[in-house]
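What follows is a set of notes on a single structure, which appears directly below.
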Amino acid sequence: MNSPSFIQTQVLIIGGGVTGTALARDLALRGVDCILVEKDDINAGASGRNHGLLHSGARYVANDRDTAMECRSEGDILKRMAAQTIQDTGGYFVAVQGDDERYIADFPSYCKRSGISAQAVDLAAARALEPALSQRAIAVFEVPDASIDPFRLSLESMAHARSLGARLMRRTRVVGFERDGRQIRAVRVRIGADDVRIEAAQVVNAAGAWAREVALLAGAPIQMTYSKGTLLVTHTRLAGRVVNRLRPPSNADIMMPGGSVSIVGTTSTPVDGLDEIQPTTAEADLIVEEAARMLPALATMRFIRAFAGVRPLVGSAEVADGRAVSRGYALFGHEDQGLDNLATITGGKLTTCRLMAERAADLVCRRLGVTRPCLTATTPLPVAAECAWTAPGHSPRVWMRSHGLEDPLLCECEMVSGSAVDAIYAALRSAGDTPTLTDIGLRSRVGKGACQGAFCAVRTVAHLYQRGDFLASRGLAEIVDFIGERWRGQRAVLWGEQLAQAELMEALHCGLFAEELRGAESQGEASRDGGVPDAPRAAPAGEAPS
Amino acid sequence: MTDAARNTCDVAVIGAGMAGMAAALFAAERGLSCIQVGNAGGLLFASGLLDLLGVHPLAEARLWQSPYDALAALAREQPDHPLARVDASSIRTAFESFVTALGAAGLPYAPLGERNRNVLTSIGTIKSTFGVPRSMLAGVDALEARPPCLLVDFRGLREFSARQIVATLGRSWPGLRHERIAFPGCEAAPELYAAHLARALEAGETRARTIDLVQPLLGSARALGFPAVLGLARASAVHAAFEAGLGLPVFEIPTMPTSVPGLRLLGALEAAVSARGVRRRQQAAVRALTFDADGATATLELEGMARGDGGEQVRARAVVLATGRFMGRGLTADRGQVRESILGLPVHQPASREAWHQRDFLAPSGHAINSAGLRVDDAWRPLDAGGKPAWPRLFAVGSILAHQDWMRSKCGSGLAIATAWSAIEQVARELRGTAPG
């Protein structure tokens with residue numbers, strides 16, 4: 001059944017974000033065979049480009065009560081069932097002078113109505129616990145917000161699903177649907193240059209922001225808008241708790257603790273397409289200026305990175321401001337569009353991903369005649385050792401315990417050692433993958449510190465060569481890819497100290513290693529010595545990961 | 001020497017990177033008394049390779065075999081580039097003078113010649129450069145002739161994998177092999193630091209044990225490459241001992257900063273300027289720089305960087321600004337703009353931060369921010385907002401200058417050495433016949 005061009009399964013899931021991976025786990029727990037195809041890698045879209053905030057729901061109490069209550073109950077479930085991915089930091093809602101007094105006054109009752117705990121905190125006490133808060137703060141409430149690691153959540157959900165028989169196909173893009181009346185008979189996917197047909201009884205489109213494209217490809221268009229959100233990463237952590245601005249949702253009103261850093265954002269800009277979604281300098285400026293009203297130290301803080309994601313919002317294209325569109329999720333059965341075995345689950349939030357997966361799985365199981373109930377609300381997510389490396393502080397702890405001859409530190413900013421890289425490599429390898437440096441970066445803290453990969457990329461590649469994992473000139477292409485990706489996240493925040501850091505990175509990778517000249521030919525007068533040797537400059541493009 | 005005399009000089013050089021060191025060296029060689037302010041730690045980031053000009057124009061990524069042909073093209077096509085404003089014979093003289101001083105300080109370079117040379121880097125790329133340390137020269141020859149060649153590295157030196165270089169180059173260099181050994185005396189260390197190895201190899205016994213470990217691995221190799229760790233202050237002797245002990249040409253491969261060749265350069269340049277009587281204020285920074293009303297004398301208010309180091313005043317008849325870019329702190333940037341750090345001189349720069357950097361890190365044309373910097377007149381005097389020299393005796397050299405991208409052009413050392421030479425020539429001309437202040 002596993003011939004190279006033809007695969008069968010009960011359910012094909014399209015999209016490897018938090019929803020798709022949660023769905024794979026949900027179905028696997030119900031004994032349903034499934035394959036997840038992902039065009040890039042786990043959490044490559046909005047699932048990997050967000051605050052990492054497990055909402056208490058308090059943010060939505062005034063204008064989106066359903067979402068608020070869903071967040072509350074789902075937050076409670078995840079705190080119990082996926083505790084290893086969560087830091088229960090608690091959160092503050094903080095109003096500063098000039099903020100809407102009426103909203104502040106109504107906030108506790110809004111929270112109460114949605115069943116969300118919101119305790120007023122004395123201003124002096126709040127500032128004693130979070131010294132970064134502005135002297136101009138006029139009200140502080142404590143809510144049960146928490147921090148969640150979306151990478152670990154998705155990686156562990158997928159690992160659990162795989163242990164139950166689910167299959168993951170990374171770097172596999174859906175290119176077509178074969179329809180037969182009201183049925184999708186097969187989905188055509190492309191892996192590298194090869195096309196493969198996947199026959200599934202049910203197909204679930206969980207492609208996040210790409211759900212519109214996938215649905216269109218299936219001949220069942222849905223209405224979705226895109227809202228781009230940008231976030232900034234500070235060099236050092238500024239607060240222990242989640243800090244929210246106490247006002248109706250707007251720009252730059254959340255700062256999350258994220259290990260040794262803080263993550264500040266977001267913005268909300270309507271965008272038409274999904275190409276070239278990169279943070280801009282204007283967005284970075286807006287975030288710094290706005291968030292500094294609540295946390296003044298941000299005005300002079302060093303930032304090491306910016307990133308942008310696209311929120312998939314289900315609703316009319318007429319809505320101008322993305323924030324006015326519900327953050328609720330949408331589940332489409334597509335029967336009204338003449339399809340009986342396609343479902344689309346999109347919209348929603350990181351916090352509600354488990355619920356979204358449950359609802360999609362319920363629909364699919366009903367269609368398949370599977371009666372087993374959802375188990376994800378009551379089954380703890382198993383800890384998978386190979387998925388733990390995304391957590392800040394995990395690699396240093398392991399390294400400190402096992403520091404031995406064969407375990408050099410490869411990333412000094414985040415203290416990622418050779419054994420961590422080896423474990424991640426081996427886990428990917430055992431699943432039949434060819435791991436890249438970028439894959440390792442996604443599953444660890446490599447490249448996440450102040451140097452943004454300038455040094456650790458070089459050491460990690462040297463390590464992989466030494467183990468015999470990398471061959472030919474592939475390593476150079478991988479360094480170029482990895483540094484290039486890190487760069488796109490840096491350019492919006494390059495001023496002050498981080499600009500000097502970026503200059504050092506360029507001095508190393510361009511000034512010394514001349515990576516930008518790979519492929520260039522020596523010019524000038526007739527060459528006596530044959531010019532520049534071919535091999536290293538001409539890193540074969542085909543060896544770069546797609 | 002009285003306090004006043006101790007703190008008075010012909011020329012004050014601010015900065016102790018490549019350009020500041022070159023300026024201090026050339027000033028002293030011309031008989032100008034010189035005080036140099038600033039820490040030389042930035043030199044640790046140098047590779048030891050002395051680039052002159054490798055690539056022009058950037059957008060075409062065109063590599064040149066002759067840096068002097070490249071300079072001629074640059075002068076025609078990009079006349080505002082600082083290197084386009086120094087004539088070739090001055091550049092030749094400046095480079096000769098610079099490497100001669102390094103050689104005398106115990107850091108010999110290969111004879112300069114007229115051509116760029118290809119050097120193998122630690123990640124297996126090829127870097128085109130001009131001035132090559134003597135200890136790397138056999139690598140240039142080996143890379144060209146590609147004889148049977150062995151690369152040896154050390155377990156625990158994390159940024160260097162000989163196996164990586166062989167894998168990367170192997171197809172075009174069939175006789176290239178790699179071996180890894182444990183560094184004598186550090187067999188159990190998970191991480192080794194290049195500087196530590198370099199220091200250890202200055203001891204005869206460690207060297208002999210290393211040679212013994214490598215000897216049986218040589219096979220048919222006709223050249224032997226190591227990461228650049230063969231000695232520090234006595235690198236020359238260490239290198240010679242390896243060649244004598246193993247009986248074949250031995251070369252070093254430059255590594256990631258902070259590197260041993262950078263440390264050697266730092267040591268040699270400090271020795272060279274000190275030997276020529278340059279008074280160094282290494283632990284000081286310039287808090288304020290003012291000129292007398294007639295512009296003939298400058299006063300530098302220094303502040304100690306070390307705790308308890310009191311302030312000090314230096315009087316100079318001319319000032320050379322060699323403070324570098326962002327890494328060197330000569331330029332600083334906030335979200336809005338780039339500023340010159342000491343005097344707030346106007347900085348030529350892109351209109352907004354969005355234009356500073358391209359989205360593609362390796363975009364061939366480079367990032368616009370890298371061409372930001374000080375604009376100068378023909379005598380290297382920074383211009384004020386009105387386009388006139390800000391002060392008659394204030395000069396600027398090195399990477400702080402506008403209209404250049406040294407990292408992409410492979411011209412960092414060339415920029416430092418050539419502009420320092422030319423600016424010191426102007427300083428000497430300016431001060432000639434005037435009494436010391």
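To be explicit about the labels: the chains of the structure tokens are called A, B, and onward in the order shown, and within each one the residues are counted from 1, while ligands get numbers from 1 in the order they are shown.
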
Next item on the list: From the DSSP assignment of the backbone, select every residue of range 214-261 of chain A that is strand (DSSP E), and format the answer as a list of chain:residue names.
Entry: A:Met224, A:Thr225, A:Tyr226, A:Ser227, A:Lys228, A:Gly229, A:Thr230, A:Leu231, A:Leu232, A:Val233, A:Thr234, A:Val242, A:Val243, A:Asn244, A:Arg245, A:Ile254, A:Met255, A:Met256, A:Pro257, A:Gly258, A:Val261

Those same residues, written as a PDB file, in the first residue's frame with C-alpha atoms?
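What landed in result-v5.pdb:
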ATOM      1  CA  MET A 224     -11.156  34.416   4.821  1.00  0.00           C
ATOM      2  CA  THR A 225      -9.186  37.533   5.506  1.00  0.00           C
ATOM      3  CA  TYR A 226      -5.577  37.781   6.510  1.00  0.00           C
ATOM      4  CA  SER A 227      -4.259  39.946   9.287  1.00  0.00           C
ATOM      5  CA  LYS A 228      -0.527  40.315   9.685  1.00  0.00           C
ATOM      6  CA  GLY A 229       0.788  40.567  13.218  1.00  0.00           C
ATOM      7  CA  THR A 230       4.350  41.503  14.140  1.00  0.00           C
ATOM      8  CA  LEU A 231       6.124  40.800  17.421  1.00  0.00           C
ATOM      9  CA  LEU A 232       9.486  41.771  18.871  1.00  0.00           C
ATOM     10  CA  VAL A 233      11.878  39.767  21.035  1.00  0.00           C
ATOM     11  CA  THR A 234      13.856  41.587  23.706  1.00  0.00           C
ATOM     12  CA  VAL A 242       2.187  38.200  31.090  1.00  0.00           C
ATOM     13  CA  VAL A 243       1.531  41.946  30.936  1.00  0.00           C
ATOM     14  CA  ASN A 244      -1.557  43.053  29.005  1.00  0.00           C
ATOM     15  CA  ARG A 245      -2.767  46.552  28.371  1.00  0.00           C
ATOM     16  CA  ILE A 254       0.808  42.248  25.292  1.00  0.00           C
ATOM     17  CA  MET A 255       4.280  41.414  26.606  1.00  0.00           C
ATOM     18  CA  MET A 256       4.970  37.731  27.249  1.00  0.00           C
ATOM     19  CA  PRO A 257       7.746  36.155  29.262  1.00  0.00           C
ATOM     20  CA  GLY A 258       9.619  33.670  27.081  1.00  0.00           C
ATOM     21  CA  VAL A 261      13.496  37.099  26.852  1.00  0.00           C
TER      22      VAL A 261
END

Next item on the list: Please provide as a PyMOL selection string all residues within 8 Å of Val140 in chain A, with the sequence filter that same-chain residues fewer than 6 positions apart are discarded (counting only C-alpha atoms).
Entry: chain A and resi 92-95+120-123+126

With all heavy atoms kept, could you save the residues just selected as a tab-separated table (two decimals), in the first residue's frame?
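Here's the written file out-v9.tsv:
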chain	number	residue	atom	x	y	z
A	92	TYR	N	-0.99	40.16	34.28
A	92	TYR	CA	-1.56	41.43	34.72
A	92	TYR	C	-2.25	42.11	33.55
A	92	TYR	O	-1.78	42.04	32.41
A	92	TYR	CB	-0.45	42.38	35.21
A	92	TYR	CG	0.05	42.13	36.62
A	92	TYR	CD1	1.19	42.78	37.07
A	92	TYR	CD2	-0.61	41.26	37.51
A	92	TYR	CE1	1.68	42.58	38.35
A	92	TYR	CE2	-0.14	41.06	38.79
A	92	TYR	CZ	1.01	41.72	39.22
A	92	TYR	OH	1.49	41.52	40.48
A	93	PHE	N	-3.35	42.76	33.85
A	93	PHE	CA	-3.91	43.74	32.91
A	93	PHE	C	-3.64	45.11	33.52
A	93	PHE	O	-3.98	45.36	34.66
A	93	PHE	CB	-5.42	43.51	32.70
A	93	PHE	CG	-5.69	42.55	31.59
A	93	PHE	CD1	-5.50	41.19	31.78
A	93	PHE	CD2	-6.09	43.00	30.34
A	93	PHE	CE1	-5.71	40.29	30.74
A	93	PHE	CE2	-6.32	42.11	29.30
A	93	PHE	CZ	-6.13	40.75	29.50
A	94	VAL	N	-3.00	45.96	32.76
A	94	VAL	CA	-2.52	47.23	33.28
A	94	VAL	C	-3.07	48.39	32.45
A	94	VAL	O	-2.90	48.41	31.23
A	94	VAL	CB	-0.96	47.28	33.23
A	94	VAL	CG1	-0.45	48.60	33.74
A	94	VAL	CG2	-0.37	46.11	34.01
A	95	ALA	N	-3.68	49.32	33.12
A	95	ALA	CA	-4.12	50.54	32.44
A	95	ALA	C	-3.18	51.67	32.83
A	95	ALA	O	-2.68	51.71	33.96
A	95	ALA	CB	-5.54	50.89	32.85
A	120	ALA	N	-8.16	42.77	41.52
A	120	ALA	CA	-7.48	44.06	41.52
A	120	ALA	C	-6.21	43.94	42.35
A	120	ALA	O	-6.20	43.30	43.40
A	120	ALA	CB	-8.39	45.13	42.10
A	121	VAL	N	-5.12	44.53	41.83
A	121	VAL	CA	-3.84	44.48	42.54
A	121	VAL	C	-3.46	45.90	42.91
A	121	VAL	O	-3.56	46.81	42.07
A	121	VAL	CB	-2.74	43.85	41.67
A	121	VAL	CG1	-1.43	43.73	42.44
A	121	VAL	CG2	-3.17	42.49	41.15
A	122	ASP	N	-3.03	46.08	44.14
A	122	ASP	CA	-2.55	47.39	44.58
A	122	ASP	C	-1.38	47.83	43.70
A	122	ASP	O	-0.48	47.03	43.40
A	122	ASP	CB	-2.12	47.25	46.05
A	122	ASP	CG	-1.41	48.50	46.53
A	122	ASP	OD1	-2.09	49.53	46.64
A	122	ASP	OD2	-0.19	48.43	46.75
A	123	LEU	N	-1.37	49.09	43.28
A	123	LEU	CA	-0.37	49.55	42.31
A	123	LEU	C	1.05	49.38	42.83
A	123	LEU	O	1.94	48.94	42.09
A	123	LEU	CB	-0.62	51.03	41.95
A	123	LEU	CG	-1.85	51.30	41.08
A	123	LEU	CD1	-2.02	52.80	40.88
A	123	LEU	CD2	-1.70	50.60	39.74
A	126	ALA	N	1.98	45.76	42.76
A	126	ALA	CA	2.21	45.30	41.39
A	126	ALA	C	3.59	45.74	40.91
A	126	ALA	O	4.33	44.96	40.29
A	126	ALA	CB	1.13	45.84	40.47

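Within the 10 Å cut-off around Ala200 in chain B, using only C-alpha atoms and omitting residues fewer than 4 positions from it on the same chain, the listed residues are B:Phe183, B:Pro184, B:Gly185, B:Cys186, B:Ala194, B:Ala195, B:His196, B:Gly204, B:Glu205, B:Thr206, B:Arg207, B:Val229, B:Leu230, B:Gly231, B:Leu232.
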
Next item on the list: With a distance cut-off of 6 Å and only C-alpha atoms, select the neighbouring residues of Ile14 in chain B, excluding the residue or stretch itself and same-chain residues fewer than 2 positions from it, and output the selection as a PyMOL selection string.
Entry: chain B and resi 36-37+321-322

Show me, as a compact mmCIF listing (two decimals) with N, CA and C atoms, in the first residue's frame, the residues of chain B whose atoms get within 8 Å of chain A, using only C-alpha atoms for the distance check.
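Ended up saving to out_22.txt:
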# COMPACT_ATOMS: atom_id res chain seq x y z
N SER B 47 40.97 38.64 11.03
CA SER B 47 41.29 37.28 10.60
C SER B 47 42.79 37.08 10.40
N ALA B 61 29.35 41.16 -8.19
CA ALA B 61 30.17 40.23 -7.42
C ALA B 61 31.43 39.84 -8.20
N ARG B 62 32.02 40.84 -8.84
CA ARG B 62 33.18 40.54 -9.69
C ARG B 62 34.46 40.47 -8.85
N LEU B 63 35.12 39.34 -8.92
CA LEU B 63 36.36 39.14 -8.18
C LEU B 63 37.55 39.52 -9.05
N TRP B 64 38.55 40.12 -8.43
CA TRP B 64 39.73 40.55 -9.19
C TRP B 64 40.97 39.79 -8.74
N GLN B 65 41.79 39.44 -9.72
CA GLN B 65 43.06 38.81 -9.38
C GLN B 65 44.09 39.85 -9.00
N SER B 66 44.02 41.01 -9.63
CA SER B 66 44.95 42.09 -9.28
C SER B 66 44.20 43.16 -8.51
N ASP B 69 44.47 46.50 -10.38
CA ASP B 69 43.53 46.67 -11.48
C ASP B 69 42.14 47.01 -10.92
N ASN B 118 44.27 33.27 -2.98
CA ASN B 118 43.13 32.52 -2.47
C ASN B 118 43.51 31.76 -1.22
N THR B 121 39.14 28.87 3.91
CA THR B 121 38.63 29.23 5.25
C THR B 121 38.20 27.98 6.01
N ILE B 123 35.37 27.06 6.98
CA ILE B 123 34.13 26.37 6.58
C ILE B 123 34.24 25.83 5.15
N GLY B 124 35.45 25.91 4.58
CA GLY B 124 35.65 25.32 3.26
C GLY B 124 35.36 26.24 2.10
N THR B 125 35.14 27.52 2.39
CA THR B 125 35.01 28.48 1.28
C THR B 125 36.40 29.01 0.94
N ILE B 126 36.46 29.72 -0.17
CA ILE B 126 37.71 30.33 -0.60
C ILE B 126 37.61 31.82 -0.42
N LYS B 127 38.59 32.39 0.25
CA LYS B 127 38.59 33.83 0.49
C LYS B 127 39.76 34.43 -0.28
N GLU B 144 46.27 26.06 -4.79
CA GLU B 144 46.45 26.26 -6.22
C GLU B 144 46.86 24.95 -6.90
N GLY B 156 37.36 18.94 20.07
CA GLY B 156 36.98 19.96 21.04
C GLY B 156 37.10 21.38 20.50
N ARG B 158 35.53 23.50 18.47
CA ARG B 158 34.18 23.29 17.94
C ARG B 158 33.93 23.95 16.59
N GLU B 159 34.64 25.05 16.34
CA GLU B 159 34.30 25.78 15.12
C GLU B 159 35.09 25.29 13.91
N PHE B 160 35.83 24.21 14.09
CA PHE B 160 36.70 23.78 13.01
C PHE B 160 36.55 22.30 12.77
N SER B 161 36.13 21.94 11.58
CA SER B 161 36.05 20.53 11.20
C SER B 161 36.82 20.33 9.90
N ARG B 163 37.15 17.63 8.47
CA ARG B 163 36.31 16.75 7.66
C ARG B 163 35.33 17.57 6.81
N GLN B 164 34.82 18.67 7.39
CA GLN B 164 33.92 19.56 6.64
C GLN B 164 34.62 20.16 5.43
N ALA B 167 35.07 17.46 2.85
CA ALA B 167 33.79 17.12 2.21
C ALA B 167 33.40 18.21 1.21
N THR B 168 33.65 19.47 1.61
CA THR B 168 33.23 20.59 0.77
C THR B 168 34.09 20.69 -0.49
N LEU B 169 35.39 20.44 -0.35
CA LEU B 169 36.31 20.63 -1.47
C LEU B 169 36.68 19.34 -2.19
N GLY B 170 36.36 18.24 -1.56
CA GLY B 170 36.90 16.95 -2.00
C GLY B 170 36.80 16.68 -3.48
N ARG B 171 35.66 17.03 -4.07
CA ARG B 171 35.45 16.68 -5.47
C ARG B 171 36.50 17.33 -6.37
N SER B 172 36.93 18.53 -6.00
CA SER B 172 37.91 19.22 -6.85
C SER B 172 39.33 19.07 -6.30
N ALA B 188 40.80 15.34 27.71
CA ALA B 188 39.46 15.14 28.28
C ALA B 188 38.58 16.39 28.18
N ALA B 189 39.10 17.44 27.57
CA ALA B 189 38.31 18.69 27.55
C ALA B 189 37.28 18.64 26.43
N PRO B 190 36.00 18.89 26.73
CA PRO B 190 34.99 18.88 25.69
C PRO B 190 35.09 20.10 24.77
N GLU B 191 35.61 21.20 25.31
CA GLU B 191 35.75 22.40 24.48
C GLU B 191 37.17 22.92 24.58
N MET B 256 37.11 31.26 12.78
CA MET B 256 36.11 32.23 13.24
C MET B 256 36.68 33.11 14.35
N PRO B 257 36.28 34.38 14.44
CA PRO B 257 36.75 35.21 15.56
C PRO B 257 36.10 34.75 16.88
N PHE B 326 29.93 50.51 13.85
CA PHE B 326 29.07 50.19 15.00
C PHE B 326 29.77 49.28 16.00
N MET B 327 30.51 48.29 15.51
CA MET B 327 31.25 47.43 16.42
C MET B 327 32.31 48.21 17.18
N THR B 332 27.00 55.27 16.14
CA THR B 332 25.93 54.65 16.93
C THR B 332 24.61 54.95 16.22
N ALA B 333 23.67 54.07 16.44
CA ALA B 333 22.38 54.26 15.78
C ALA B 333 21.26 54.05 16.77
N ASP B 334 20.27 54.91 16.70
CA ASP B 334 19.01 54.61 17.40
C ASP B 334 18.00 54.27 16.32
N ARG B 335 16.72 54.23 16.68
CA ARG B 335 15.74 53.80 15.69
C ARG B 335 15.63 54.79 14.54
N ARG B 353 15.29 54.05 8.33
CA ARG B 353 15.81 52.75 8.75
C ARG B 353 15.35 51.62 7.82
N GLU B 354 14.18 51.77 7.25
CA GLU B 354 13.69 50.72 6.35
C GLU B 354 14.67 50.50 5.20
N HIS B 357 18.84 48.09 5.58
CA HIS B 357 19.22 46.71 5.29
C HIS B 357 18.28 46.08 4.28
N GLN B 358 18.82 45.25 3.43
CA GLN B 358 18.01 44.49 2.49
C GLN B 358 17.38 43.30 3.21
N ARG B 359 16.37 42.74 2.58
CA ARG B 359 15.71 41.58 3.17
C ARG B 359 16.57 40.32 3.02
N ASP B 360 17.40 40.32 2.01
CA ASP B 360 18.29 39.19 1.77
C ASP B 360 19.65 39.52 2.37
N PHE B 361 20.05 38.77 3.37
CA PHE B 361 21.32 39.04 4.06
C PHE B 361 22.49 39.06 3.08
N LEU B 362 22.49 38.13 2.14
CA LEU B 362 23.63 38.00 1.23
C LEU B 362 23.39 38.70 -0.11
N ALA B 363 22.42 39.62 -0.17
CA ALA B 363 22.16 40.33 -1.42
C ALA B 363 23.47 40.88 -1.98
N PRO B 364 23.74 40.62 -3.26
CA PRO B 364 25.05 40.96 -3.82
C PRO B 364 25.41 42.44 -3.65
N TRP B 406 33.28 47.69 3.21
CA TRP B 406 34.52 46.91 3.25
C TRP B 406 34.29 45.41 3.33
N MET B 407 33.15 45.01 3.94
CA MET B 407 32.92 43.57 4.11
C MET B 407 32.63 42.90 2.77
N ARG B 408 31.87 43.59 1.93
CA ARG B 408 31.54 43.01 0.62
C ARG B 408 32.66 43.20 -0.39
N LYS B 410 35.77 43.33 0.26
CA LYS B 410 37.01 42.70 0.75
C LYS B 410 38.15 43.74 0.69
